[in-house]
>>> print(open('target-v1.cif').read())   # mmCIF, C-alpha atoms
data_upload
loop_
_atom_site.group_PDB
_atom_site.id
_atom_site.type_symbol
_atom_site.label_atom_id
_atom_site.label_comp_id
_atom_site.auth_asym_id
_atom_site.auth_seq_id
_atom_site.Cartn_x
_atom_site.Cartn_y
_atom_site.Cartn_z
ATOM 1 C CA MET A 1 -2.917 -3.207 -1.513
ATOM 2 C CA GLN A 2 -2.208 -6.260 -3.532
ATOM 3 C CA SER A 3 -2.559 -9.999 -3.091
ATOM 4 C CA GLN A 4 -1.586 -13.123 -4.941
ATOM 5 C CA GLY A 5 -3.025 -16.603 -4.717
ATOM 6 C CA PHE A 6 -6.275 -18.316 -3.983
ATOM 7 C CA GLY A 7 -8.875 -15.583 -3.812
ATOM 8 C CA PRO A 8 -9.779 -12.066 -2.735
ATOM 9 C CA SER A 9 -7.942 -10.949 0.390
ATOM 10 C CA PHE A 10 -9.431 -7.485 0.612
ATOM 11 C CA ARG A 11 -12.608 -5.477 0.715
ATOM 12 C CA PHE A 12 -12.826 -1.727 0.217
ATOM 13 C CA ASP A 13 -12.750 -1.353 4.000
ATOM 14 C CA SER A 14 -9.712 -3.630 4.467
ATOM 15 C CA ILE A 15 -7.779 -0.508 5.455
ATOM 16 C CA GLU A 16 -9.723 2.012 7.478
ATOM 17 C CA GLN A 17 -9.132 4.764 9.973
ATOM 18 C CA ARG A 18 -10.548 4.019 13.408
ATOM 19 C CA GLY A 19 -10.137 7.069 15.606
ATOM 20 C CA ASN A 20 -6.382 7.724 15.846
ATOM 21 C CA GLU A 21 -5.287 4.412 14.314
ATOM 22 C CA LEU A 22 -5.147 2.828 10.885
ATOM 23 C CA HIS A 23 -6.577 -0.695 10.910
ATOM 24 C CA PHE A 24 -5.606 -3.392 8.399
ATOM 25 C CA GLU A 25 -7.695 -6.516 7.860
ATOM 26 C CA PHE A 26 -6.480 -9.261 5.547
ATOM 27 C CA LEU A 27 -9.158 -11.860 4.857
ATOM 28 C CA GLY A 28 -6.815 -14.768 4.150
ATOM 29 C CA GLY A 29 -6.982 -17.199 1.273
ATOM 30 C CA SER A 30 -3.914 -15.783 -0.526
ATOM 31 C CA ASP A 31 -0.259 -16.688 -0.885
ATOM 32 C CA TRP A 32 0.761 -13.156 0.140
ATOM 33 C CA ALA A 33 -0.674 -9.693 0.701
ATOM 34 C CA VAL A 34 0.924 -6.262 0.937
ATOM 35 C CA ALA A 35 0.045 -2.664 1.746
ATOM 36 C CA PHE A 36 2.640 0.073 1.233
ATOM 37 C CA TRP A 37 3.259 3.791 0.851
ATOM 38 C CA SER A 38 5.517 4.990 -1.927
ATOM 39 C CA ALA A 39 7.015 8.235 -3.156
ATOM 40 C CA VAL A 40 5.029 9.571 -6.099
ATOM 41 C CA SER A 41 6.103 12.105 -8.690
ATOM 42 C CA ILE A 42 4.625 12.864 -12.074
ATOM 43 C CA ALA A 43 8.092 13.757 -13.365
ATOM 44 C CA GLU A 44 9.708 10.402 -12.556
ATOM 45 C CA GLU A 45 8.677 6.841 -13.306
ATOM 46 C CA ARG A 46 10.260 5.461 -10.133
ATOM 47 C CA SER A 47 10.295 8.434 -7.781
ATOM 48 C CA PHE A 48 12.073 8.381 -4.435
ATOM 49 C CA LEU A 49 12.690 10.343 -1.261
ATOM 50 C CA ASP A 50 15.906 10.767 0.738
ATOM 51 C CA PHE A 51 15.703 9.120 4.190
ATOM 52 C CA SER A 52 19.493 8.853 4.674
ATOM 53 C CA ARG A 53 19.463 11.212 7.694
ATOM 54 C CA PHE A 54 17.484 8.652 9.707
ATOM 55 C CA ASN A 55 18.748 5.610 11.644
ATOM 56 C CA ARG A 56 15.564 4.050 13.029
ATOM 57 C CA LEU A 57 11.942 3.364 12.176
ATOM 58 C CA LEU A 58 9.519 3.446 15.105
ATOM 59 C CA LEU A 59 6.099 1.823 14.767
ATOM 60 C CA GLU A 60 3.366 1.824 17.386
ATOM 61 C CA MET A 61 1.256 -1.230 16.581
ATOM 62 C CA LYS A 62 -0.975 -3.938 17.989
ATOM 63 C CA GLY A 63 -2.534 -7.113 16.652
ATOM 64 C CA ASP A 64 -6.245 -7.884 16.812
ATOM 65 C CA GLN A 65 -5.567 -11.149 18.671
ATOM 66 C CA GLY A 66 -1.888 -10.980 19.580
ATOM 67 C CA GLY A 67 0.731 -13.235 18.028
ATOM 68 C CA GLU A 68 0.258 -11.918 14.468
ATOM 69 C CA THR A 69 3.449 -11.754 12.382
ATOM 70 C CA VAL A 70 3.783 -8.768 10.067
ATOM 71 C CA LYS A 71 6.778 -8.240 7.799
ATOM 72 C CA VAL A 72 7.788 -4.561 7.667
ATOM 73 C CA HIS A 73 9.726 -3.459 4.606
ATOM 74 C CA ILE A 74 11.111 -0.534 2.628
ATOM 75 C CA LYS A 75 12.397 -0.539 -0.945
ATOM 76 C CA ASP A 76 14.744 1.761 -2.800
ATOM 77 C CA ALA A 77 14.061 2.983 -6.332
ATOM 78 C CA GLY A 78 16.460 0.464 -7.856
ATOM 79 C CA TYR A 79 15.235 -2.609 -5.960
ATOM 80 C CA PRO A 80 13.792 -5.183 -8.402
ATOM 81 C CA ASP A 81 10.044 -5.782 -8.238
ATOM 82 C CA ASP A 82 10.437 -9.507 -8.934
ATOM 83 C CA ILE A 83 12.411 -10.084 -5.705
ATOM 84 C CA ALA A 84 10.772 -10.122 -2.270
ATOM 85 C CA PRO A 85 11.662 -6.981 -0.308
ATOM 86 C CA VAL A 86 14.072 -7.107 2.608
ATOM 87 C CA SER A 87 11.740 -7.382 5.593
ATOM 88 C CA VAL A 88 11.849 -7.347 9.374
ATOM 89 C CA ASP A 89 9.377 -9.644 11.132
ATOM 90 C CA LEU A 90 7.355 -8.180 13.986
ATOM 91 C CA VAL A 91 5.288 -10.429 16.233
ATOM 92 C CA LEU A 92 2.502 -8.232 17.557
ATOM 93 C CA SER A 93 0.920 -8.095 20.976
ATOM 94 C CA ASP A 94 -2.786 -7.431 21.471
ATOM 95 C CA GLU A 95 -1.709 -4.316 23.425
ATOM 96 C CA TRP A 96 -0.134 -1.187 21.929
ATOM 97 C CA GLN A 97 3.645 -1.506 21.718
ATOM 98 C CA THR A 98 6.359 0.575 20.106
ATOM 99 C CA TYR A 99 8.648 -1.441 17.850
ATOM 100 C CA GLU A 100 12.020 0.043 16.953
ATOM 101 C CA ILE A 101 13.799 -1.133 13.805
ATOM 102 C CA ASP A 102 17.397 -0.207 12.998
ATOM 103 C CA LEU A 103 17.376 0.860 9.329
ATOM 104 C CA ASP A 104 20.596 -1.147 8.754
ATOM 105 C CA GLU A 105 18.337 -4.223 8.891
ATOM 106 C CA PHE A 106 16.931 -3.193 5.487
ATOM 107 C CA ALA A 107 20.329 -3.395 3.725
ATOM 108 C CA PRO A 108 21.131 -3.308 0.828
ATOM 109 C CA ASN A 109 18.409 -0.673 0.284
ATOM 110 C CA ASP A 110 19.779 2.809 -0.438
ATOM 111 C CA LEU A 111 18.106 5.070 2.146
ATOM 112 C CA SER A 112 18.841 8.141 0.005
ATOM 113 C CA ARG A 113 16.544 6.758 -2.736
ATOM 114 C CA LEU A 114 13.518 5.184 -0.986
ATOM 115 C CA HIS A 115 10.612 4.433 -3.285
ATOM 116 C CA VAL A 116 8.563 2.379 -0.774
ATOM 117 C CA VAL A 117 8.926 4.316 2.475
ATOM 118 C CA LEU A 118 6.863 1.865 4.535
ATOM 119 C CA GLY A 119 5.262 -1.445 3.694
ATOM 120 C CA PHE A 120 3.527 -4.288 5.491
ATOM 121 C CA LEU A 121 3.836 -7.744 3.946
ATOM 122 C CA ILE A 122 1.772 -10.725 5.059
ATOM 123 C CA PHE A 123 3.369 -13.977 3.966
ATOM 124 C CA PRO A 124 1.887 -16.462 3.944
ATOM 125 C CA ALA A 125 -1.568 -14.888 3.901
ATOM 126 C CA HIS A 126 -3.639 -18.063 4.080
ATOM 127 C CA ASP A 127 -5.368 -17.160 7.352
ATOM 128 C CA PRO A 128 -7.222 -13.951 8.274
ATOM 129 C CA LEU A 129 -5.105 -11.390 10.090
ATOM 130 C CA GLY A 130 -5.828 -7.934 11.510
ATOM 131 C CA PHE A 131 -3.609 -5.276 13.049
ATOM 132 C CA SER A 132 -3.521 -1.549 13.757
ATOM 133 C CA VAL A 133 -0.892 1.174 13.488
ATOM 134 C CA ARG A 134 -1.170 4.272 15.652
ATOM 135 C CA ASN A 135 2.180 5.907 14.849
ATOM 136 C CA ALA A 136 4.988 5.494 12.336
ATOM 137 C CA SER A 137 8.049 7.731 12.411
ATOM 138 C CA TYR A 138 11.628 7.843 11.226
ATOM 139 C CA ARG A 139 14.294 9.054 13.654
#
>>> encode(input="target-v1.cif", output="structure tokens")
Amino acid sequence: MQSQGFGPSFRFDSIEQRGNELHFEFLGGSDWAVAFWSAVSIAEERSFLDFSRFNRLLLEMKGDQGGETVKVHIKDAGYPDDIAPVSVDLVLSDEWQTYEIDLDEFAPNDLSRLHVVLGFLIFPAHDPLGFSVRNASYR
């Protein structure tokens, strides 16, 4: 996790497993905050995985209060780090919902070379925000 701006957005328990869900808690006070999963390889500086056989990303999520906006993103190995990732905004309910994202919405990312396979961006991250993810799958 990373943040930029006014102050600390995270504690060591900002991401924690709660039963069968992963809970994220951003404390606010930052310009932006991000949590992501990336392909890792000792052999390559910017490793990647091939997700080109998939068409959709399904996420089962809920907000702590409802109404939270979370930007979901992916990034290919060649995508510049100094440019904000292509994101899809999800407005969360306080009840579990499955959100389906067509992977074409992440263009121009090359799905055959994904470095960040799933990321959550909070922007702006001035106010506290919490949400949970119970399932994430590519189909």
>>> residues_around(input="target-v1.cif", residues="Leu103 of chain A", least_positions_apart="3", cutoff="7 Å", atoms="all atoms listed in the file", output="list in words")
Asn55, Arg56, Leu57 and Phe106 of chain A
>>> atom_distance(input="target-v1.cif", atom1="atom CA of Asp89 of chain A", atom2="atom CA of Arg53 of chain A")
23.4 Å
>>> resolve_selection(input="target-v1.cif", expression="the PyMOL selection byres ((chain A and resi 125-138) around 6)", output="ChimeraX atom specification")
/A:21-32,56-64,122-124,139
>>> atom_distance(input="target-v1.cif", atom1="atom CA of Glu100 of chain A", atom2="atom CA of Leu49 of chain A")
20.9 Å
>>> closest_residue(input="target-v1.cif", among="A:Ser52, A:Asp82, A:Glu95, A:His73", to="Val34 of chain A", atoms="all atoms listed in the file")
A:His73
>>> closest_residue(input="target-v1.cif", among="A:Trp96, A:Trp37, A:Phe48, A:Tyr79", to="Gly66 of chain A", atoms="only C-alpha atoms")
A:Trp96
>>> closest_residue(input="target-v1.cif", among="A:Asp102, A:Asp50, A:Asp81, A:Asp94", to="Leu114 of chain A", atoms="all atoms listed in the file")
A:Asp50
>>> residues_around(input="target-v1.cif", residues="Ser38 of chain A", least_positions_apart="4", cutoff="12 Å", atoms="all atoms listed in the file", output="list in words")
Met1, Glu45, Arg46, Ser47, Phe48, Leu49, His73, Ile74, Lys75, Asp76, Ala77, Arg113, Leu114, His115, Val116, Val117, Leu118 and Gly119 of chain A
>>> axis_aligned_box(input="target-v1.cif", around="segment 57-72 of chain A", padding_each_side="3 Å", output="lines of an AutoDock Vina configuration file")
center_x = 2.8
center_y = -4.9
center_z = 13.6
size_x = 24.2
size_y = 22.7
size_z = 17.9
>>> atom_distance(input="target-v1.cif", atom1="atom CA of Tyr99 of chain A", atom2="atom CA of Asn20 of chain A")
17.7 Å
>>> residues_around(input="target-v1.cif", residues="Glu105 of chain A", least_positions_apart="3", cutoff="9 Å", atoms="all atoms listed in the file", output="list in words")
Val86, Ser87, Val88, Ile101, Asp102 and Pro108 of chain A
>>> write_last_selection(input="target-v1.cif", atoms="C-alpha atoms", output="PDB file, in the frame of the given file")
ATOM      1  CA  VAL A  86      14.072  -7.107   2.608  1.00  0.00           C
ATOM      2  CA  SER A  87      11.740  -7.382   5.593  1.00  0.00           C
ATOM      3  CA  VAL A  88      11.849  -7.347   9.374  1.00  0.00           C
ATOM      4  CA  ILE A 101      13.799  -1.133  13.805  1.00  0.00           C
ATOM      5  CA  ASP A 102      17.397  -0.207  12.998  1.00  0.00           C
ATOM      6  CA  PRO A 108      21.131  -3.308   0.828  1.00  0.00           C
TER       7      PRO A 108
END
>>> closest_residue(input="target-v1.cif", among="A:Asp104, A:Ser93, A:Ala84, A:Ile15", to="Glu68 of chain A", atoms="only C-alpha atoms")
A:Ser93
